[in-house]
>>> print(open('coords.cif').read())   # mmCIF, C-alpha atoms
data_input
loop_
_atom_site.group_PDB
_atom_site.id
_atom_site.type_symbol
_atom_site.label_atom_id
_atom_site.label_comp_id
_atom_site.auth_asym_id
_atom_site.auth_seq_id
_atom_site.Cartn_x
_atom_site.Cartn_y
_atom_site.Cartn_z
ATOM 1 C CA MET U 1 159.984 185.848 -3.505
ATOM 2 C CA ILE U 2 158.269 188.500 -1.493
ATOM 3 C CA LYS U 3 157.467 185.864 1.154
ATOM 4 C CA ASN U 4 161.123 185.714 2.167
ATOM 5 C CA LEU U 5 161.247 189.451 3.123
ATOM 6 C CA ASN U 6 162.138 189.828 6.755
ATOM 7 C CA ILE U 7 159.604 192.204 8.292
ATOM 8 C CA ASP U 8 161.527 192.447 11.561
ATOM 9 C CA ILE U 9 164.042 194.740 9.923
ATOM 10 C CA LEU U 10 161.416 197.531 9.691
ATOM 11 C CA LYS U 11 160.593 197.364 13.417
ATOM 12 C CA SER U 12 163.481 199.626 14.380
ATOM 13 C CA SER U 13 162.149 203.211 14.697
ATOM 14 C CA LYS U 14 165.391 204.792 13.449
ATOM 15 C CA LEU U 15 165.319 202.656 10.351
ATOM 16 C CA LYS U 16 161.633 203.485 9.740
ATOM 17 C CA LEU U 17 162.318 207.194 10.072
ATOM 18 C CA CYS U 18 165.289 206.985 7.701
ATOM 19 C CA ALA U 19 163.283 204.995 5.143
ATOM 20 C CA ILE U 20 160.333 207.418 5.278
ATOM 21 C CA GLY U 21 162.677 210.396 4.975
ATOM 22 C CA THR U 22 164.467 208.899 1.996
ATOM 23 C CA ILE U 23 161.196 208.102 0.235
ATOM 24 C CA GLY U 24 159.989 211.658 0.974
ATOM 25 C CA ILE U 25 163.135 213.210 -0.489
ATOM 26 C CA ILE U 26 162.921 211.032 -3.586
ATOM 27 C CA LEU U 27 159.250 211.931 -4.126
ATOM 28 C CA SER U 28 159.726 215.663 -3.553
ATOM 29 C CA SER U 29 162.753 215.862 -5.833
ATOM 30 C CA SER U 30 160.916 213.997 -8.576
ATOM 31 C CA LEU U 31 157.948 216.352 -8.235
ATOM 32 C CA MET U 32 160.220 219.411 -8.495
ATOM 33 C CA GLY U 33 161.116 218.347 -12.015
ATOM 34 C CA CYS U 34 157.433 218.418 -12.985
ATOM 35 C CA THR U 35 156.951 222.121 -12.296
ATOM 36 C CA THR U 36 157.723 224.901 -14.701
ATOM 37 C CA ASN U 37 160.344 227.304 -13.456
ATOM 38 C CA ASN U 38 159.812 230.111 -15.910
ATOM 39 C CA ILE U 39 158.218 232.345 -13.300
ATOM 40 C CA SER U 40 159.576 235.751 -14.189
ATOM 41 C CA PRO U 41 158.185 239.190 -13.465
ATOM 42 C CA GLN U 42 156.050 240.432 -16.287
ATOM 43 C CA GLU U 43 157.261 243.575 -17.930
ATOM 44 C CA THR U 44 154.682 246.309 -17.761
ATOM 45 C CA SER U 45 155.224 249.816 -18.941
ATOM 46 C CA TYR U 46 152.699 252.457 -18.136
ATOM 47 C CA ASN U 47 152.632 255.701 -19.990
ATOM 48 C CA LEU U 48 151.051 258.073 -17.522
ATOM 49 C CA THR U 49 150.529 260.864 -19.999
ATOM 50 C CA GLU U 50 148.465 259.015 -22.603
ATOM 51 C CA SER U 51 145.297 256.986 -22.316
ATOM 52 C CA SER U 52 145.447 253.662 -24.116
ATOM 53 C CA GLU U 53 141.777 253.988 -24.998
ATOM 54 C CA GLU U 54 142.111 257.338 -26.713
ATOM 55 C CA MET U 55 145.462 257.425 -28.476
ATOM 56 C CA VAL U 56 145.643 260.874 -29.971
ATOM 57 C CA GLU U 57 148.598 261.730 -32.176
ATOM 58 C CA GLU U 58 151.146 264.121 -30.657
ATOM 59 C CA ALA U 59 150.412 266.542 -33.492
ATOM 60 C CA GLU U 60 146.813 266.740 -32.246
ATOM 61 C CA LYS U 61 147.840 267.776 -28.727
ATOM 62 C CA ALA U 62 148.873 271.051 -27.189
ATOM 63 C CA LYS U 63 152.109 271.313 -25.196
ATOM 64 C CA VAL U 64 151.923 272.246 -21.526
ATOM 65 C CA ASN U 65 155.270 273.251 -19.966
ATOM 66 C CA LEU U 66 155.692 272.619 -16.245
ATOM 67 C CA GLU U 67 157.719 274.512 -13.645
ATOM 68 C CA TYR U 68 158.033 273.717 -9.928
ATOM 69 C CA PRO U 69 159.632 276.603 -8.009
ATOM 70 C CA GLY U 70 160.054 275.774 -4.328
ATOM 71 C CA SER U 71 159.502 272.026 -4.806
ATOM 72 C CA GLU U 72 162.739 271.293 -2.941
ATOM 73 C CA LYS U 73 160.919 272.311 0.279
ATOM 74 C CA LEU U 74 158.340 269.537 -0.118
ATOM 75 C CA PRO U 75 158.598 266.514 2.204
ATOM 76 C CA ASP U 76 157.666 264.242 -0.737
ATOM 77 C CA ARG U 77 157.106 264.605 -4.467
ATOM 78 C CA ASP U 78 153.945 266.253 -5.680
ATOM 79 C CA ILE U 79 151.638 264.628 -8.207
ATOM 80 C CA ILE U 80 149.844 266.999 -10.561
ATOM 81 C CA THR U 81 146.935 265.667 -12.611
ATOM 82 C CA PHE U 82 145.191 267.157 -15.628
ATOM 83 C CA THR U 83 141.606 265.874 -15.701
ATOM 84 C CA ASN U 84 139.325 266.555 -18.653
ATOM 85 C CA LYS U 85 136.166 268.196 -17.275
ATOM 86 C CA GLU U 86 133.886 266.725 -19.933
ATOM 87 C CA SER U 87 135.032 263.091 -19.912
ATOM 88 C CA GLU U 88 136.207 263.138 -16.271
ATOM 89 C CA LYS U 89 139.282 261.134 -17.306
ATOM 90 C CA ILE U 90 142.830 261.954 -16.340
ATOM 91 C CA SER U 91 144.611 263.086 -19.496
ATOM 92 C CA ALA U 92 148.068 263.606 -18.000
ATOM 93 C CA ILE U 93 149.992 263.101 -14.773
ATOM 94 C CA ALA U 94 153.173 264.930 -13.853
ATOM 95 C CA THR U 95 155.414 264.588 -10.814
ATOM 96 C CA THR U 96 157.879 267.088 -9.411
ATOM 97 C CA ASN U 97 160.657 264.497 -9.274
ATOM 98 C CA ASN U 98 160.423 263.657 -12.994
ATOM 99 C CA ASP U 99 162.959 265.049 -15.467
ATOM 100 C CA LYS U 100 160.243 265.573 -18.079
ATOM 101 C CA HIS U 101 158.901 269.100 -17.584
ATOM 102 C CA TYR U 102 156.019 269.049 -20.059
ATOM 103 C CA VAL U 103 152.905 267.084 -20.981
ATOM 104 C CA ASN U 104 150.957 266.956 -24.228
ATOM 105 C CA ILE U 105 147.181 267.014 -23.947
ATOM 106 C CA ALA U 106 144.310 267.380 -26.391
ATOM 107 C CA PRO U 107 142.179 270.540 -26.492
ATOM 108 C CA GLY U 108 139.502 270.745 -23.827
ATOM 109 C CA GLU U 109 138.740 272.165 -20.418
ATOM 110 C CA TYR U 110 140.979 270.773 -17.676
ATOM 111 C CA ILE U 111 140.968 270.663 -13.906
ATOM 112 C CA VAL U 112 144.491 270.784 -12.464
ATOM 113 C CA THR U 113 144.935 269.143 -9.067
ATOM 114 C CA SER U 114 147.877 268.769 -6.731
ATOM 115 C CA ASN U 115 148.609 267.179 -3.372
ATOM 116 C CA TYR U 116 149.836 270.522 -2.017
ATOM 117 C CA LEU U 117 148.194 273.306 -4.060
ATOM 118 C CA GLU U 118 144.662 274.575 -4.618
ATOM 119 C CA THR U 119 142.733 273.061 -7.539
ATOM 120 C CA THR U 120 142.447 275.265 -10.607
ATOM 121 C CA SER U 121 141.257 274.954 -14.199
ATOM 122 C CA PHE U 122 142.035 276.195 -17.687
ATOM 123 C CA GLU U 123 140.926 275.555 -21.259
ATOM 124 C CA ILE U 124 142.937 274.601 -24.319
ATOM 125 C CA THR U 125 141.053 275.543 -27.471
ATOM 126 C CA ASP U 126 143.619 274.719 -30.173
ATOM 127 C CA THR U 127 146.411 272.188 -30.675
ATOM 128 C CA ASN U 128 148.772 275.004 -31.691
ATOM 129 C CA GLU U 129 148.567 276.560 -28.236
ATOM 130 C CA GLU U 130 151.392 276.226 -25.765
ATOM 131 C CA TRP U 131 150.776 276.696 -22.045
ATOM 132 C CA ASN U 132 152.965 277.247 -18.990
ATOM 133 C CA VAL U 133 151.833 275.751 -15.693
ATOM 134 C CA GLU U 134 153.812 276.942 -12.713
ATOM 135 C CA ALA U 135 153.217 275.014 -9.516
ATOM 136 C CA ASN U 136 154.752 277.490 -7.096
ATOM 137 C CA TYR U 137 155.347 275.927 -3.684
ATOM 138 C CA ASN U 138 156.676 279.220 -2.296
ATOM 139 C CA THR U 139 153.319 280.961 -2.831
ATOM 140 C CA ASN U 140 151.245 277.734 -2.671
ATOM 141 C CA ALA U 141 149.417 278.510 -5.913
ATOM 142 C CA PHE U 142 149.209 277.530 -9.545
ATOM 143 C CA THR U 143 149.944 280.141 -12.209
ATOM 144 C CA ILE U 144 148.681 279.079 -15.631
ATOM 145 C CA THR U 145 149.510 281.240 -18.629
ATOM 146 C CA GLU U 146 149.366 280.779 -22.356
ATOM 147 C CA LYS U 147 152.776 281.011 -24.064
ATOM 148 C CA THR U 148 151.701 284.382 -25.496
ATOM 149 C CA ASP U 149 151.711 285.600 -21.855
ATOM 150 C CA SER U 150 147.923 286.086 -21.761
ATOM 151 C CA LYS U 151 146.435 284.866 -18.492
ATOM 152 C CA ALA U 152 144.341 281.716 -18.593
ATOM 153 C CA LYS U 153 140.905 281.734 -17.104
#
>>> encode(input="coords.cif", output="structure tokens")
Amino acid sequence: MIKNLNIDILKSSKLKLCAIGTIGIILSSSLMGCTTNNISPQETSYNLTESSEEMVEEAEKAKVNLEYPGSEKLPDRDIITFTNKESEKISAIATTNNDKHYVNIAPGEYIVTSNYLETTSFEITDTNEEWNVEANYNTNAFTITEKTDSKAK
């Protein structure tokens, strides 16, 4: 049966091109069905104020209130980090464009850094303490006070 196939019909270049194209389309469309199409962006949520390694209960953390006078003058948001001096790990990150104006951090000595202000430090000795950190962009300085209005070191 195959002996009766006329090979002269495939000599035309237009017919060859059409046959190759059709075979290519059939193969590519059949291969598309073999792939999985459940490629979706993975949901990741990062909590910038708590370390996943050291989950400390909120009751075991002191509250640090944040104020940003003059931040509207900044060309971009400012990122303020609270780094534990002993462990050298960032315990909290705050940004001037965030609606949350406080962070909760465990007692310890902290270095406070900013993209626009001088680095400073303070120490939280008890979880019952409440601190105010004012990042003043008018005076270009941090003012850190305990809620009882005593100056921090």
>>> atom_distance(input="coords.cif", atom1="CA of Glu123 (chain U)", atom2="CA of Asn138 (chain U)")
24.9 Å
>>> resolve_selection(input="coords.cif", expression="the PyMOL selection byres ((chain U and resi 122) around 8)", output="ChimeraX atom specification")
/U:109-112,120-121,123-124,144,152-153
>>> residues_around(input="coords.cif", residues="region 85-101 of chain U", least_positions_apart="2", cutoff="10 Å", atoms="only C-alpha atoms", output="PyMOL selection string")
chain U and resi 47-51+54+64-69+71-72+74+76-83+103-106+108-114+121-123+133+135
>>> atom_distance(input="coords.cif", atom1="CA of Asn115 (chain U)", atom2="CA of Glu129 (chain U)")
26.6 Å
>>> atom_distance(input="coords.cif", atom1="CA of Glu130 (chain U)", atom2="CA of Asn84 (chain U)")
17.0 Å
>>> closest_residue(input="coords.cif", among="U:Lys147, U:Ala19, U:Glu60, U:Lys73", to="Pro107 (chain U)", atoms="only C-alpha atoms")
U:Glu60
>>> decode(input="coords.cif", residues="region 77-101 of chain U", atoms="N, CA and C atoms", output="CSV table (one decimal), in the first residue's frame")
chain,number,residue,atom,x,y,z
U,77,ARG,N,10.8,58.1,51.3
U,77,ARG,CA,10.5,57.6,52.7
U,77,ARG,C,11.8,57.4,53.4
U,78,ASP,N,11.8,57.4,54.7
U,78,ASP,CA,12.9,57.1,55.5
U,78,ASP,C,12.7,55.7,56.2
U,79,ILE,N,13.7,54.9,56.3
U,79,ILE,CA,13.6,53.6,56.9
U,79,ILE,C,14.4,53.7,58.2
U,80,ILE,N,13.8,53.4,59.3
U,80,ILE,CA,14.4,53.4,60.6
U,80,ILE,C,14.5,52.0,61.1
U,81,THR,N,15.7,51.6,61.5
U,81,THR,CA,15.9,50.2,62.0
U,81,THR,C,16.3,50.3,63.5
U,82,PHE,N,15.9,49.3,64.2
U,82,PHE,CA,16.2,49.1,65.6
U,82,PHE,C,17.0,47.8,65.7
U,83,THR,N,18.3,47.9,65.9
U,83,THR,CA,19.2,46.7,65.9
U,83,THR,C,19.7,46.4,67.3
U,84,ASN,N,19.5,45.2,67.7
U,84,ASN,CA,20.0,44.8,69.0
U,84,ASN,C,21.5,44.8,69.0
U,85,LYS,N,22.1,45.5,70.0
U,85,LYS,CA,23.6,45.6,70.0
U,85,LYS,C,24.2,44.3,70.3
U,86,GLU,N,23.6,43.5,71.2
U,86,GLU,CA,24.2,42.2,71.6
U,86,GLU,C,24.2,41.2,70.5
U,87,SER,N,23.0,41.0,69.9
U,87,SER,CA,22.8,39.9,68.9
U,87,SER,C,23.1,40.4,67.5
U,88,GLU,N,23.2,41.7,67.3
U,88,GLU,CA,23.4,42.4,66.0
U,88,GLU,C,22.4,42.0,65.0
U,89,LYS,N,21.2,41.7,65.4
U,89,LYS,CA,20.0,41.4,64.6
U,89,LYS,C,19.1,42.6,64.6
U,90,ILE,N,18.5,42.8,63.5
U,90,ILE,CA,17.4,43.9,63.4
U,90,ILE,C,16.2,43.4,64.1
U,91,SER,N,15.7,44.1,65.1
U,91,SER,CA,14.5,43.7,65.9
U,91,SER,C,13.3,44.3,65.3
U,92,ALA,N,13.4,45.5,64.7
U,92,ALA,CA,12.2,46.2,64.2
U,92,ALA,C,12.7,47.1,63.1
U,93,ILE,N,11.7,47.3,62.1
U,93,ILE,CA,11.9,48.3,61.0
U,93,ILE,C,10.7,49.1,60.9
U,94,ALA,N,10.9,50.4,60.8
U,94,ALA,CA,9.7,51.3,60.7
U,94,ALA,C,10.0,52.2,59.5
U,95,THR,N,9.0,52.6,58.8
U,95,THR,CA,9.1,53.6,57.6
U,95,THR,C,8.2,54.7,57.9
U,96,THR,N,8.6,55.9,57.4
U,96,THR,CA,7.8,57.1,57.6
U,96,THR,C,6.5,57.1,56.8
U,97,ASN,N,6.4,56.3,55.8
U,97,ASN,CA,5.2,56.3,55.0
U,97,ASN,C,4.2,55.2,55.5
U,98,ASN,N,4.5,54.6,56.6
U,98,ASN,CA,3.6,53.5,57.2
U,98,ASN,C,2.6,54.1,58.1
U,99,ASP,N,1.4,53.6,58.2
U,99,ASP,CA,0.4,54.2,59.1
U,99,ASP,C,0.6,53.7,60.5
U,100,LYS,N,1.4,52.7,60.7
U,100,LYS,CA,1.6,52.1,62.0
U,100,LYS,C,2.8,53.0,62.6
U,101,HIS,N,2.5,53.7,63.7
U,101,HIS,CA,3.4,54.6,64.4
U,101,HIS,C,4.0,54.0,65.7
